[in-house]
>>> print(open('query_2.cif').read())   # mmCIF, C-alpha atoms
data_upload
#
loop_
_atom_site.label_atom_id
_atom_site.label_comp_id
_atom_site.auth_asym_id
_atom_site.auth_seq_id
_atom_site.Cartn_x
_atom_site.Cartn_y
_atom_site.Cartn_z
CA MET A 1399 -8.03 -14.52 21.84
CA PRO A 1400 -6.63 -11.25 23.22
CA TYR A 1401 -4.01 -9.43 21.16
CA HIS A 1402 -1.65 -6.93 22.74
CA PHE A 1403 -1.53 -4.03 20.30
CA ASP A 1404 -0.81 -1.58 23.14
CA ARG A 1405 2.48 -3.37 23.88
CA ILE A 1406 5.56 -1.49 22.69
CA ILE A 1407 7.94 -3.87 20.92
CA PRO A 1408 11.43 -2.32 20.67
CA ARG A 1409 12.49 -2.18 17.02
CA THR A 1410 15.67 -0.13 17.17
CA ASN A 1411 18.83 -2.05 16.27
CA THR A 1412 16.77 -4.72 14.48
CA HIS A 1413 17.69 -3.57 10.95
CA SER A 1414 14.27 -1.93 10.71
CA LEU A 1415 13.99 0.50 7.82
CA LYS A 1416 11.34 2.42 9.73
CA TRP A 1417 13.22 2.76 13.02
CA ASP A 1418 16.91 2.39 12.16
CA ARG A 1419 17.23 4.15 8.79
CA MET A 1420 15.45 7.47 9.18
CA ALA A 1421 18.63 9.21 8.08
CA LEU A 1422 17.91 7.94 4.58
CA ARG A 1423 14.98 10.37 4.25
CA PHE A 1424 15.20 12.83 7.13
CA PRO A 1425 17.77 15.39 8.28
CA THR A 1426 17.76 13.98 11.81
CA ASP A 1427 17.18 10.48 13.19
CA ASP A 1428 15.94 11.29 16.71
CA MET A 1429 12.25 11.28 15.77
CA LEU A 1430 9.17 9.13 16.29
CA PRO A 1431 8.82 7.17 13.03
CA LEU A 1432 5.32 7.22 11.60
CA TRP A 1433 6.44 7.03 7.99
CA VAL A 1434 7.22 3.57 6.52
CA ALA A 1435 4.07 1.52 5.83
CA ASP A 1436 4.62 -1.37 8.18
CA MET A 1437 2.99 -2.04 11.55
CA ASP A 1438 4.59 -1.84 14.98
CA PHE A 1439 2.52 -4.89 15.97
CA ALA A 1440 3.62 -8.52 16.17
CA ALA A 1441 2.32 -10.72 13.36
CA PRO A 1442 -0.52 -13.17 14.13
CA PRO A 1443 0.58 -15.70 16.77
CA ALA A 1444 -0.02 -18.65 14.43
CA VAL A 1445 2.44 -17.13 11.98
CA VAL A 1446 5.10 -16.61 14.64
CA ARG A 1447 4.71 -20.20 15.87
CA ALA A 1448 4.94 -21.61 12.35
CA VAL A 1449 8.14 -19.68 11.58
CA GLU A 1450 9.65 -20.73 14.91
CA ARG A 1451 8.86 -24.40 14.21
CA ARG A 1452 10.48 -24.21 10.80
CA ALA A 1453 13.54 -22.42 12.17
CA ARG A 1454 14.11 -25.14 14.78
CA GLN A 1455 14.81 -27.67 12.03
CA GLY A 1456 18.00 -25.76 11.42
CA ILE A 1457 18.34 -26.44 7.69
CA PHE A 1458 17.72 -23.54 5.35
CA GLY A 1459 18.29 -25.00 1.91
CA TYR A 1460 16.62 -24.29 -1.42
CA THR A 1461 12.86 -24.03 -1.09
CA VAL A 1462 9.83 -24.21 -3.38
CA TYR A 1463 6.18 -23.26 -2.87
CA PRO A 1464 4.32 -26.54 -2.29
CA TRP A 1465 0.85 -27.01 -3.77
CA SER A 1466 -0.50 -27.04 -0.23
CA PHE A 1467 0.43 -23.36 -0.02
CA TYR A 1468 -1.84 -22.32 -2.90
CA GLN A 1469 -5.08 -23.47 -1.29
CA PRO A 1470 -5.06 -21.10 1.73
CA VAL A 1471 -4.49 -18.14 -0.60
CA ARG A 1472 -7.37 -19.18 -2.87
CA ASP A 1473 -9.66 -19.90 0.08
CA TRP A 1474 -8.97 -16.49 1.62
CA TYR A 1475 -9.92 -14.52 -1.50
CA ARG A 1476 -12.93 -16.70 -2.20
CA ARG A 1477 -14.29 -16.24 1.34
CA ARG A 1478 -13.63 -12.51 1.58
CA PHE A 1479 -14.45 -11.35 -1.93
CA GLY A 1480 -16.20 -14.21 -3.72
CA TRP A 1481 -13.20 -14.26 -6.05
CA ALA A 1482 -12.46 -17.63 -7.66
CA ILE A 1483 -8.75 -18.02 -8.43
CA SER A 1484 -7.37 -21.29 -9.72
CA ALA A 1485 -3.90 -22.44 -8.67
CA ASP A 1486 -2.50 -22.06 -12.17
CA GLU A 1487 -3.65 -18.40 -12.27
CA LEU A 1488 -1.30 -17.50 -9.40
CA LEU A 1489 2.28 -16.35 -9.85
CA TYR A 1490 4.71 -15.37 -7.11
CA ALA A 1491 7.34 -12.65 -6.80
CA PRO A 1492 9.57 -11.19 -4.05
CA GLY A 1493 7.38 -8.11 -3.72
CA VAL A 1494 4.66 -6.00 -5.29
CA VAL A 1495 7.03 -3.30 -6.57
CA PHE A 1496 9.23 -5.96 -8.13
CA ALA A 1497 6.15 -7.52 -9.75
CA LEU A 1498 5.04 -4.11 -11.01
CA ARG A 1499 8.40 -3.53 -12.69
CA GLN A 1500 8.26 -6.98 -14.24
CA ALA A 1501 4.80 -6.22 -15.62
CA ILE A 1502 6.05 -2.95 -17.11
CA GLN A 1503 8.93 -4.75 -18.80
CA THR A 1504 6.64 -7.52 -20.06
CA PHE A 1505 3.76 -5.53 -21.51
CA THR A 1506 5.29 -2.21 -22.58
CA ARG A 1507 8.30 -0.96 -24.51
CA PRO A 1508 10.57 2.06 -24.00
CA GLY A 1509 8.67 5.18 -24.98
CA ASP A 1510 5.24 3.71 -24.32
CA GLY A 1511 2.86 5.69 -22.13
CA ILE A 1512 1.81 4.45 -18.68
CA ILE A 1513 -0.95 6.19 -16.74
CA ILE A 1514 -0.82 6.75 -12.99
CA GLN A 1515 -3.30 8.67 -10.80
CA PRO A 1516 -1.52 11.15 -8.49
CA PRO A 1517 -1.15 11.73 -5.67
CA VAL A 1518 -0.04 8.12 -5.45
CA TYR A 1519 2.59 5.73 -4.12
CA LYS A 1520 6.02 6.96 -5.26
CA PRO A 1521 7.30 3.64 -6.71
CA PHE A 1522 4.64 3.98 -9.41
CA TYR A 1523 6.57 7.01 -10.69
CA THR A 1524 10.01 5.46 -10.39
CA SER A 1525 8.97 2.12 -11.88
CA VAL A 1526 7.74 3.91 -15.02
CA LEU A 1527 10.63 6.33 -15.39
CA ASP A 1528 13.43 3.90 -14.49
CA ASN A 1529 12.26 1.65 -17.31
CA GLY A 1530 12.27 4.43 -19.91
CA ARG A 1531 8.50 4.67 -20.28
CA ARG A 1532 6.49 7.90 -20.53
CA LEU A 1533 4.67 8.96 -17.38
CA LEU A 1534 1.08 10.04 -18.02
CA GLU A 1535 -0.57 11.69 -15.01
CA ASN A 1536 -4.34 11.43 -14.57
CA ASN A 1537 -4.62 13.49 -11.38
CA LEU A 1538 -7.32 12.57 -8.91
CA ARG A 1539 -9.86 15.24 -8.01
CA LEU A 1540 -10.30 16.36 -4.42
CA VAL A 1541 -14.00 17.00 -3.88
CA ASP A 1542 -15.68 17.40 -0.47
CA GLY A 1543 -12.65 16.01 1.30
CA LYS A 1544 -12.32 12.84 -0.79
CA TYR A 1545 -10.49 11.85 -3.94
CA GLY A 1546 -12.38 10.88 -7.07
CA MET A 1547 -11.27 9.95 -10.57
CA ASP A 1548 -11.16 12.24 -13.56
CA PHE A 1549 -12.68 9.84 -16.08
CA ALA A 1550 -12.68 12.32 -18.96
CA GLY A 1551 -8.98 12.90 -18.41
CA LEU A 1552 -8.37 9.17 -18.19
CA GLU A 1553 -10.09 8.65 -21.52
CA ARG A 1554 -7.98 11.37 -23.17
CA LEU A 1555 -4.76 9.74 -22.00
CA ALA A 1556 -5.94 6.21 -22.80
CA ARG A 1557 -6.72 7.05 -26.43
CA ARG A 1558 -3.19 8.27 -27.15
CA PRO A 1559 -1.56 5.91 -29.68
CA ARG A 1560 1.22 4.56 -27.45
CA THR A 1561 -0.62 4.41 -24.13
CA LYS A 1562 -0.29 0.80 -23.04
CA MET A 1563 -0.95 0.55 -19.29
CA LEU A 1564 -2.79 2.01 -16.31
CA ILE A 1565 -1.34 1.36 -12.86
CA LEU A 1566 -4.38 1.38 -10.56
CA CYS A 1567 -3.92 1.82 -6.81
CA SER A 1568 -6.87 0.04 -5.19
CA PRO A 1569 -7.46 0.80 -2.34
CA HIS A 1570 -5.77 4.11 -2.88
CA ASN A 1571 -2.52 5.07 -1.16
CA PRO A 1572 -2.25 7.71 0.32
CA GLY A 1573 -5.90 8.84 0.16
CA GLY A 1574 -7.42 5.66 1.59
CA ARG A 1575 -10.25 5.49 -0.99
CA VAL A 1576 -12.01 2.18 -1.61
CA TRP A 1577 -13.05 2.46 -5.24
CA THR A 1578 -16.64 1.41 -5.87
CA LYS A 1579 -17.66 -1.20 -8.39
CA ARG A 1580 -19.21 1.55 -10.51
CA GLU A 1581 -15.94 3.50 -10.57
CA LEU A 1582 -13.92 0.40 -11.42
CA LEU A 1583 -16.34 -0.55 -14.17
CA ARG A 1584 -15.83 2.85 -15.80
CA VAL A 1585 -12.07 2.41 -15.57
CA GLY A 1586 -12.35 -1.06 -17.08
CA ARG A 1587 -14.48 0.10 -19.99
CA ILE A 1588 -12.17 2.99 -20.85
CA CYS A 1589 -9.08 0.81 -20.75
CA ALA A 1590 -10.64 -2.04 -22.72
CA ARG A 1591 -11.92 0.37 -25.36
CA HIS A 1592 -8.41 1.70 -26.00
CA GLY A 1593 -6.34 -1.44 -25.49
CA VAL A 1594 -4.80 -0.27 -22.20
CA LEU A 1595 -3.81 -3.02 -19.77
CA VAL A 1596 -4.75 -2.48 -16.11
CA VAL A 1597 -2.13 -3.45 -13.54
CA ALA A 1598 -3.99 -3.22 -10.23
CA ASP A 1599 -1.96 -2.87 -7.04
CA GLU A 1600 -4.37 -4.27 -4.42
CA ILE A 1601 -1.88 -4.77 -1.62
CA HIS A 1602 -4.14 -2.92 0.89
CA CYS A 1603 -7.30 -4.82 -0.08
CA ASN A 1604 -7.78 -6.51 3.30
CA LEU A 1605 -7.27 -3.35 5.38
CA VAL A 1606 -10.74 -1.90 4.90
CA PHE A 1607 -12.61 0.20 7.49
CA THR A 1608 -16.07 -0.62 8.82
CA GLY A 1609 -18.79 0.13 6.31
CA TYR A 1610 -16.65 -0.32 3.19
CA ARG A 1611 -15.91 -3.30 0.97
CA HIS A 1612 -13.04 -3.75 -1.44
CA VAL A 1613 -13.96 -4.91 -4.94
CA PRO A 1614 -11.13 -6.77 -6.74
CA PHE A 1615 -10.73 -5.27 -10.19
CA ALA A 1616 -10.75 -8.70 -11.80
CA THR A 1617 -14.24 -9.43 -10.43
CA VAL A 1618 -15.93 -6.33 -11.88
CA SER A 1619 -16.67 -7.80 -15.33
CA ARG A 1620 -15.38 -10.40 -17.73
CA ALA A 1621 -13.63 -7.65 -19.70
CA CYS A 1622 -11.85 -6.49 -16.55
CA ARG A 1623 -10.96 -10.08 -15.66
CA MET A 1624 -9.24 -10.64 -19.00
CA ASN A 1625 -7.55 -7.23 -19.17
CA ALA A 1626 -5.87 -7.16 -15.78
CA VAL A 1627 -2.84 -8.23 -13.85
CA VAL A 1628 -3.58 -7.96 -10.12
CA LEU A 1629 -0.79 -7.56 -7.56
CA MET A 1630 -1.38 -8.54 -3.93
CA ALA A 1631 0.62 -9.66 -0.91
CA PRO A 1632 0.17 -10.74 2.70
CA CYS A 1633 2.79 -8.25 3.87
CA LYS A 1634 0.58 -5.23 4.58
CA THR A 1635 -2.32 -7.32 5.90
CA PHE A 1636 -0.31 -9.39 8.39
CA ASN A 1637 2.87 -7.28 8.78
CA LEU A 1638 5.13 -9.68 6.86
CA ALA A 1639 6.96 -7.28 4.52
CA GLY A 1640 10.40 -8.54 5.54
CA LEU A 1641 9.57 -12.03 4.23
CA GLN A 1642 9.28 -10.64 0.68
CA LEU A 1643 6.34 -12.41 -0.92
CA ALA A 1644 3.75 -11.16 -3.40
CA HIS A 1645 0.95 -12.87 -5.32
CA ILE A 1646 0.15 -12.05 -8.93
CA VAL A 1647 -3.21 -13.03 -10.40
CA ALA A 1648 -3.57 -13.13 -14.17
CA HIS A 1649 -6.74 -14.84 -15.39
CA ASN A 1650 -5.86 -14.22 -19.05
CA PRO A 1651 -3.62 -17.14 -20.12
CA ALA A 1652 -1.68 -15.07 -22.64
CA LEU A 1653 -0.89 -12.38 -20.05
CA ARG A 1654 0.02 -15.00 -17.49
CA ARG A 1655 2.38 -16.89 -19.80
CA ALA A 1656 4.14 -13.70 -20.85
CA LEU A 1657 4.63 -12.55 -17.26
CA ALA A 1658 5.74 -16.00 -16.11
CA THR A 1659 8.39 -15.99 -18.82
CA GLN A 1660 9.58 -12.54 -17.76
CA LEU A 1661 9.82 -13.64 -14.11
CA HIS A 1662 11.78 -16.72 -15.13
CA ASN A 1663 14.11 -14.72 -17.36
CA GLY A 1664 14.60 -12.26 -14.51
CA GLY A 1665 15.92 -15.06 -12.31
CA VAL A 1666 12.94 -15.45 -10.00
CA GLU A 1667 13.34 -19.04 -8.82
CA GLY A 1668 12.61 -20.75 -5.53
CA ALA A 1669 11.16 -19.10 -2.44
CA ASN A 1670 12.03 -17.45 0.84
CA ILE A 1671 12.09 -20.41 3.19
CA PHE A 1672 9.76 -18.74 5.72
CA ALA A 1673 7.53 -16.77 3.38
CA GLY A 1674 5.23 -19.52 2.15
CA ILE A 1675 4.85 -21.01 5.62
CA ALA A 1676 4.07 -17.64 7.19
CA ALA A 1677 1.60 -16.61 4.48
CA ALA A 1678 -0.23 -19.94 4.54
CA GLU A 1679 -0.68 -19.75 8.32
CA ALA A 1680 -1.79 -16.14 8.08
CA TYR A 1681 -4.43 -16.94 5.46
CA ARG A 1682 -5.62 -20.00 7.41
CA HIS A 1683 -5.73 -18.53 10.90
CA GLY A 1684 -5.19 -14.75 10.66
CA GLY A 1685 -8.80 -13.63 10.26
CA PRO A 1686 -9.50 -12.92 13.96
CA TRP A 1687 -6.18 -11.08 14.31
CA LEU A 1688 -6.98 -8.95 11.26
CA ARG A 1689 -10.42 -8.03 12.60
CA ALA A 1690 -8.86 -7.06 15.94
CA VAL A 1691 -6.03 -5.03 14.43
CA MET A 1692 -8.44 -3.11 12.18
CA ARG A 1693 -10.61 -2.25 15.21
CA TYR A 1694 -7.50 -0.94 16.94
CA ILE A 1695 -6.40 1.07 13.88
CA GLU A 1696 -9.89 2.54 13.52
CA GLY A 1697 -9.69 3.55 17.18
CA ASN A 1698 -6.36 5.23 16.50
CA TYR A 1699 -7.95 7.12 13.61
CA VAL A 1700 -10.82 8.36 15.78
CA PHE A 1701 -8.37 9.50 18.45
CA LEU A 1702 -6.22 11.35 15.87
CA ARG A 1703 -9.24 12.99 14.24
CA ASP A 1704 -10.70 14.18 17.51
CA TYR A 1705 -7.36 15.29 18.95
CA LEU A 1706 -6.55 17.44 15.93
CA ALA A 1707 -10.08 18.88 15.87
CA ALA A 1708 -9.73 19.90 19.52
CA HIS A 1709 -6.15 21.17 19.53
CA LEU A 1710 -5.17 22.08 15.97
CA PRO A 1711 -8.31 22.44 13.81
CA ALA A 1712 -6.33 24.07 10.99
CA VAL A 1713 -4.90 20.60 10.25
CA THR A 1714 -7.50 18.20 8.88
CA VAL A 1715 -7.40 14.49 8.13
CA MET A 1716 -8.96 12.84 5.11
CA GLU A 1717 -11.40 10.22 6.40
CA PRO A 1718 -9.88 6.86 5.44
CA GLU A 1719 -11.91 4.04 3.95
CA ALA A 1720 -8.95 1.64 3.91
CA THR A 1721 -5.24 1.21 4.72
CA TYR A 1722 -3.59 2.20 7.99
CA MET A 1723 -2.11 5.36 6.51
CA VAL A 1724 -3.90 8.71 6.82
CA TRP A 1725 -3.50 11.81 4.67
CA LEU A 1726 -3.15 15.01 6.69
CA ASP A 1727 -3.87 18.40 5.14
CA PHE A 1728 -1.73 21.25 6.53
CA ARG A 1729 -2.46 23.76 3.76
CA ARG A 1730 -4.56 26.07 5.93
CA LEU A 1731 -1.43 26.91 7.94
CA GLY A 1732 -0.23 28.86 4.91
CA TRP A 1733 3.31 27.50 5.13
CA SER A 1734 5.56 26.38 2.34
CA PRO A 1735 6.13 22.61 2.09
CA GLU A 1736 9.76 23.24 3.07
CA LYS A 1737 8.79 25.05 6.26
CA LEU A 1738 6.25 22.39 7.18
CA HIS A 1739 8.83 19.64 6.72
CA ARG A 1740 11.37 21.58 8.78
CA VAL A 1741 9.00 22.18 11.70
CA LEU A 1742 7.86 18.56 11.80
CA CYS A 1743 11.43 17.25 11.72
CA PHE A 1744 13.32 19.65 13.96
CA LYS A 1745 10.65 20.93 16.36
CA ALA A 1746 7.98 18.21 16.51
CA LYS A 1747 10.51 15.38 16.07
CA VAL A 1748 7.92 13.34 14.15
CA ALA A 1749 8.84 11.51 10.95
CA LEU A 1750 5.96 11.55 8.47
CA ASN A 1751 5.96 11.10 4.69
CA ASP A 1752 6.11 14.46 2.92
CA GLY A 1753 3.12 14.67 0.58
CA ARG A 1754 5.37 15.77 -2.29
CA MET A 1755 6.70 12.23 -2.61
CA PHE A 1756 3.22 11.25 -3.83
CA SER A 1757 2.97 14.21 -6.22
CA GLU A 1758 5.16 17.29 -6.31
CA ARG A 1759 2.14 19.47 -7.05
CA GLU A 1760 -0.91 17.59 -5.72
CA GLY A 1761 0.86 16.49 -2.53
CA ALA A 1762 2.27 19.86 -1.49
CA GLY A 1763 0.98 20.79 1.97
CA PHE A 1764 0.04 17.21 2.87
CA GLN A 1765 1.76 14.59 5.03
CA ARG A 1766 1.08 10.86 5.36
CA LEU A 1767 0.94 9.35 8.85
CA ASN A 1768 1.03 5.68 9.86
CA LEU A 1769 -1.69 4.70 12.36
CA ALA A 1770 -0.46 1.12 12.88
CA CYS A 1771 1.34 1.70 16.16
CA PRO A 1772 0.56 1.41 19.88
CA ARG A 1773 -1.71 4.27 20.88
CA VAL A 1774 0.79 5.63 23.39
CA ILE A 1775 3.20 6.30 20.49
CA LEU A 1776 0.47 8.00 18.48
CA VAL A 1777 -0.51 10.14 21.48
CA ARG A 1778 3.10 11.18 22.03
CA ALA A 1779 3.59 12.01 18.36
CA LEU A 1780 0.42 14.11 18.20
CA ARG A 1781 1.30 16.01 21.37
CA GLN A 1782 4.76 16.79 20.01
CA MET A 1783 3.30 17.84 16.67
CA VAL A 1784 0.60 20.07 18.13
CA THR A 1785 3.01 21.71 20.60
CA ALA A 1786 5.56 22.44 17.89
CA LEU A 1787 3.07 23.77 15.36
CA GLN A 1788 1.27 25.94 17.90
CA ALA A 1789 4.61 27.41 19.03
CA GLU A 1790 5.57 28.15 15.45
CA LEU A 1791 2.21 29.80 14.80
CA ARG A 1792 2.83 32.04 17.85
CA GLY A 1793 6.26 32.92 16.50
CA GLU A 1794 8.17 31.21 19.29
#
>>> encode(input="query_2.cif", output="C-alpha cells")
Amino acid sequence: MPYHFDRIIPRTNTHSLKWDRMALRFPTDDMLPLWVADMDFAAPPAVVRAVERRARQGIFGYTVYPWSFYQPVRDWYRRRFGWAISADELLYAPGVVFALRQAIQTFTRPGDGIIIQPPVYKPFYTSVLDNGRRLLENNLRLVDGKYGMDFAGLERLARRPRTKMLILCSPHNPGGRVWTKRELLRVGRICARHGVLVVADEIHCNLVFTGYRHVPFATVSRACRMNAVVLMAPCKTFNLAGLQLAHIVAHNPALRRALATQLHNGGVEGANIFAGIAAAEAYRHGGPWLRAVMRYIEGNYVFLRDYLAAHLPAVTVMEPEATYMVWLDFRRLGWSPEKLHRVLCFKAKVALNDGRMFSEREGAGFQRLNLACPRVILVRALRQMVTALQAELRGE
C-alpha cells in the first residue's frame, strides 16, 4: 500500500504544540518547526479508520481497556523482539513521563540518588529534581562520533549508599544510539550488584535504522528482567502522542504491585476512549506503515548528511542508529551557544532543540533536529540554515 509521506498536512491552528506553540520556547514564532518529537505524517490508515468508526457512535462515556487490547501489544513485542510479556505484567499510564514520575515516587524517597546519562531527554532531569531526589550524572563519552557509556563512572555512582535508581534511555535520545546486548548486560550487572533499580525508557524501540536491532533491557538476563521497570508507548512509533497512552512492563511481581498501587493512588483510572482502539489497530496492522516510514526517515537522514557535507561541512551530524531525531554538532563554528541559537532563530528561521536542554555542559554547541517531516520541509529548512550560517560566517 502506498503511503504519502511527501504530502504536507497543515498543522497550524490545530492546537499542535510543535506548530502553534513555538513561542513557549523560542523568541519568535515564524519559523519552520523541527523541534518537538512528533511526526508530520498521518498515522497508519487502519488507525485513522478505527478512530473514525468509534467517533461515529457519538457516545464518549467512561472507558476501560478490554482484554482484547492486551493481545496485540503482547503479539507485537513477541514478534519483533522475542519478548514474552503476559497480560498481568502490563500496566498502563497516560504517558511515559508520567509513568517515569510515578516510578520515582514509588521506588525512591526524597534525598535518594537517581542516575541519568547526559546528554539526555530533559524530563529525566526535571522528573528527578521536581520530586526532591538527588541528580547523579553519569555522562556519556563521545568517541569517534558516537556516544558510549562510562561504566567505571556508573559503578562509582551506583555504589553510593543512597543511590536507588538508574533511568536508562534506550534507544538513546538525542544521540540515537542502540545499546548492544553486551552494553546492557554490563549496566544490568552493575545495578544488580548495588541494588539500583533500572527504569528503562524504551519509547523509541521500534524506530531503529537498517542494520541495527533494539534489545529490550528486560530480555538481557534474568537479573535484568527482575530488576527493571520498562516504559514504552505507541506514540512515537505510530505518531499517536496526543492520545496519551503508555505501557509499563514489570516482570517482578513485587515491583509491579507497588507501581500499580502508586498509579491507583495517583488517580489513574479508566482510559482515553480512542487510545486503546488506536494502539490495538496500530500493533495489529501498522507494521508495513512503520517499515515505509522508517525508509522515508532514513532517506531524509541521507539527504541531510550529504547536503551539510556539500554546503556546510563545519556542521556534522551524528550517524543515528534509531529514533527520527538527529544530533547536529556546530562546535567547529567556534560560536557561543547563545550566538548559535540567535542565528538559527532570527536568521535561519528554523526551530531546533538547543543542545543545552539535554545537558548544559555536554550539549553546548549541539542542536537536535526532527527528520520526521515531508522532505520538502527538510530541504527548505536546510537551505535557510545553510544560507544564514554562511552569511554570518562572512560577516554579513
>>> atom_distance(input="query_2.cif", atom1="atom CA of Phe1522 of chain A", atom2="atom CA of Ala1482 of chain A")
27.6 Å
>>> resolve_selection(input="query_2.cif", expression="the PyMOL selection byres ((chain A and resi 1726) around 9)", output="mmCIF file with C-alpha atoms, in the frame of the given file")
data_model
loop_
_atom_site.group_PDB
_atom_site.id
_atom_site.type_symbol
_atom_site.label_atom_id
_atom_site.label_comp_id
_atom_site.auth_asym_id
_atom_site.auth_seq_id
_atom_site.Cartn_x
_atom_site.Cartn_y
_atom_site.Cartn_z
ATOM 1 C CA VAL A 1713 -4.900 20.600 10.250
ATOM 2 C CA THR A 1714 -7.500 18.200 8.880
ATOM 3 C CA VAL A 1715 -7.400 14.490 8.130
ATOM 4 C CA MET A 1716 -8.960 12.840 5.110
ATOM 5 C CA VAL A 1724 -3.900 8.710 6.820
ATOM 6 C CA TRP A 1725 -3.500 11.810 4.670
ATOM 7 C CA ASP A 1727 -3.870 18.400 5.140
ATOM 8 C CA PHE A 1728 -1.730 21.250 6.530
ATOM 9 C CA GLY A 1753 3.120 14.670 0.580
ATOM 10 C CA GLY A 1763 0.980 20.790 1.970
ATOM 11 C CA PHE A 1764 0.040 17.210 2.870
ATOM 12 C CA GLN A 1765 1.760 14.590 5.030
ATOM 13 C CA ARG A 1766 1.080 10.860 5.360
ATOM 14 C CA LEU A 1767 0.940 9.350 8.850
#
>>> residues_around(input="query_2.cif", residues="segment 1740-1750 of chain A", least_positions_apart="5", cutoff="8 Å", atoms="only C-alpha atoms", output="list of chain:residue names")
A:Met1420, A:Phe1424, A:Pro1425, A:Thr1426, A:Asp1428, A:Met1429, A:Leu1430, A:Pro1431, A:Leu1432, A:Trp1433, A:Gln1765, A:Arg1766, A:Leu1767, A:Asn1768, A:Ala1779, A:Gln1782, A:Met1783, A:Val1784, A:Thr1785, A:Ala1786, A:Leu1787, A:Glu1790
>>> closest_residue(input="query_2.cif", among="A:Glu1696, A:Tyr1519, A:Arg1472, A:Val1774", to="Gly1609 of chain A", atoms="all atoms listed in the file")
A:Glu1696
>>> closest_residue(input="query_2.cif", among="A:Ala1441, A:Val1613, A:Ile1457, A:Met1755", to="Arg1423 of chain A", atoms="only C-alpha atoms")
A:Met1755
>>> resolve_selection(input="query_2.cif", expression="the PyMOL selection byres ((chain A and resi 1680) around 10)", output="list in words")
Ala1441, Pro1442, Pro1443, Ala1444, Val1445, Val1446, Ala1448, Pro1470, Val1471, Trp1474, Pro1632, Thr1635, Phe1636, Leu1638, Gly1674, Ile1675, Ala1676, Ala1677, Ala1678, Glu1679, Tyr1681, Arg1682, His1683, Gly1684, Gly1685, Trp1687 and Leu1688 of chain A
>>> resolve_selection(input="query_2.cif", expression="the PyMOL selection byres ((chain A and resi 1690-1692) around 8)", output="PyMOL selection string")
chain A and resi 1401+1403+1605-1607+1686-1689+1693-1696
>>> closest_residue(input="query_2.cif", among="A:Glu1581, A:Glu1667, A:Glu1487, A:Asp1704", to="Tyr1468 of chain A", atoms="all atoms listed in the file")
A:Glu1487
>>> atom_distance(input="query_2.cif", atom1="atom CA of Asn1751 of chain A", atom2="atom CA of Leu1422 of chain A")
12.4 Å
>>> atom_distance(input="query_2.cif", atom1="atom CA of Phe1756 of chain A", atom2="atom CA of Tyr1490 of chain A")
26.9 Å
>>> axis_aligned_box(input="query_2.cif", around="segment 1752-1770 of chain A", padding_each_side="3 Å", output="lines of an AutoDock Vina configuration file")
center_x = 2.5
center_y = 11.0
center_z = 2.9
size_x = 14.4
size_y = 25.7
size_z = 25.9
>>> residues_around(input="query_2.cif", residues="segment 1651-1656 of chain A", least_positions_apart="6", cutoff="12 Å", atoms="only C-alpha atoms", output="PyMOL selection string")
chain A and resi 1484+1486-1490+1500-1506+1595-1597+1623-1628+1662-1663
>>> decode(input="query_2.cif", residues="segment 1690-1703 of chain A", atoms="N, CA and C atoms", output="PDB file, in the first residue's frame")
ATOM      1  N   ALA A1690       7.688   1.480   6.024  1.00  0.00           N
ATOM      2  CA  ALA A1690       7.733   2.524   4.995  1.00  0.00           C
ATOM      3  C   ALA A1690       8.186   3.858   5.582  1.00  0.00           C
ATOM      4  N   VAL A1691       7.693   4.203   6.756  1.00  0.00           N
ATOM      5  CA  VAL A1691       8.062   5.497   7.338  1.00  0.00           C
ATOM      6  C   VAL A1691       9.533   5.509   7.732  1.00  0.00           C
ATOM      7  N   MET A1692      10.067   4.368   8.185  1.00  0.00           N
ATOM      8  CA  MET A1692      11.489   4.337   8.533  1.00  0.00           C
ATOM      9  C   MET A1692      12.361   4.448   7.286  1.00  0.00           C
ATOM     10  N   ARG A1693      11.919   3.864   6.166  1.00  0.00           N
ATOM     11  CA  ARG A1693      12.673   4.043   4.911  1.00  0.00           C
ATOM     12  C   ARG A1693      12.708   5.525   4.523  1.00  0.00           C
ATOM     13  N   TYR A1694      11.583   6.184   4.694  1.00  0.00           N
ATOM     14  CA  TYR A1694      11.496   7.604   4.341  1.00  0.00           C
ATOM     15  C   TYR A1694      12.391   8.440   5.256  1.00  0.00           C
ATOM     16  N   ILE A1695      12.348   8.157   6.553  1.00  0.00           N
ATOM     17  CA  ILE A1695      13.167   8.885   7.521  1.00  0.00           C
ATOM     18  C   ILE A1695      14.657   8.644   7.251  1.00  0.00           C
ATOM     19  N   GLU A1696      15.018   7.404   6.937  1.00  0.00           N
ATOM     20  CA  GLU A1696      16.415   7.130   6.593  1.00  0.00           C
ATOM     21  C   GLU A1696      16.824   7.907   5.342  1.00  0.00           C
ATOM     22  N   GLY A1697      15.916   8.023   4.388  1.00  0.00           N
ATOM     23  CA  GLY A1697      16.197   8.844   3.210  1.00  0.00           C
ATOM     24  C   GLY A1697      16.389  10.304   3.569  1.00  0.00           C
ATOM     25  N   ASN A1698      15.585  10.808   4.496  1.00  0.00           N
ATOM     26  CA  ASN A1698      15.762  12.182   4.959  1.00  0.00           C
ATOM     27  C   ASN A1698      17.124  12.368   5.625  1.00  0.00           C
ATOM     28  N   TYR A1699      17.538  11.355   6.400  1.00  0.00           N
ATOM     29  CA  TYR A1699      18.854  11.447   7.044  1.00  0.00           C
ATOM     30  C   TYR A1699      19.970  11.518   6.001  1.00  0.00           C
ATOM     31  N   VAL A1700      19.910  10.661   5.006  1.00  0.00           N
ATOM     32  CA  VAL A1700      20.951  10.651   3.969  1.00  0.00           C
ATOM     33  C   VAL A1700      20.996  11.998   3.251  1.00  0.00           C
ATOM     34  N   PHE A1701      19.811  12.552   2.952  1.00  0.00           N
ATOM     35  CA  PHE A1701      19.785  13.852   2.292  1.00  0.00           C
ATOM     36  C   PHE A1701      20.431  14.913   3.176  1.00  0.00           C
ATOM     37  N   LEU A1702      20.057  14.950   4.464  1.00  0.00           N
ATOM     38  CA  LEU A1702      20.611  15.938   5.395  1.00  0.00           C
ATOM     39  C   LEU A1702      22.126  15.796   5.497  1.00  0.00           C
ATOM     40  N   ARG A1703      22.590  14.556   5.683  1.00  0.00           N
ATOM     41  CA  ARG A1703      24.032  14.308   5.817  1.00  0.00           C
ATOM     42  C   ARG A1703      24.797  14.808   4.601  1.00  0.00           C
TER      43      ARG A1703
END
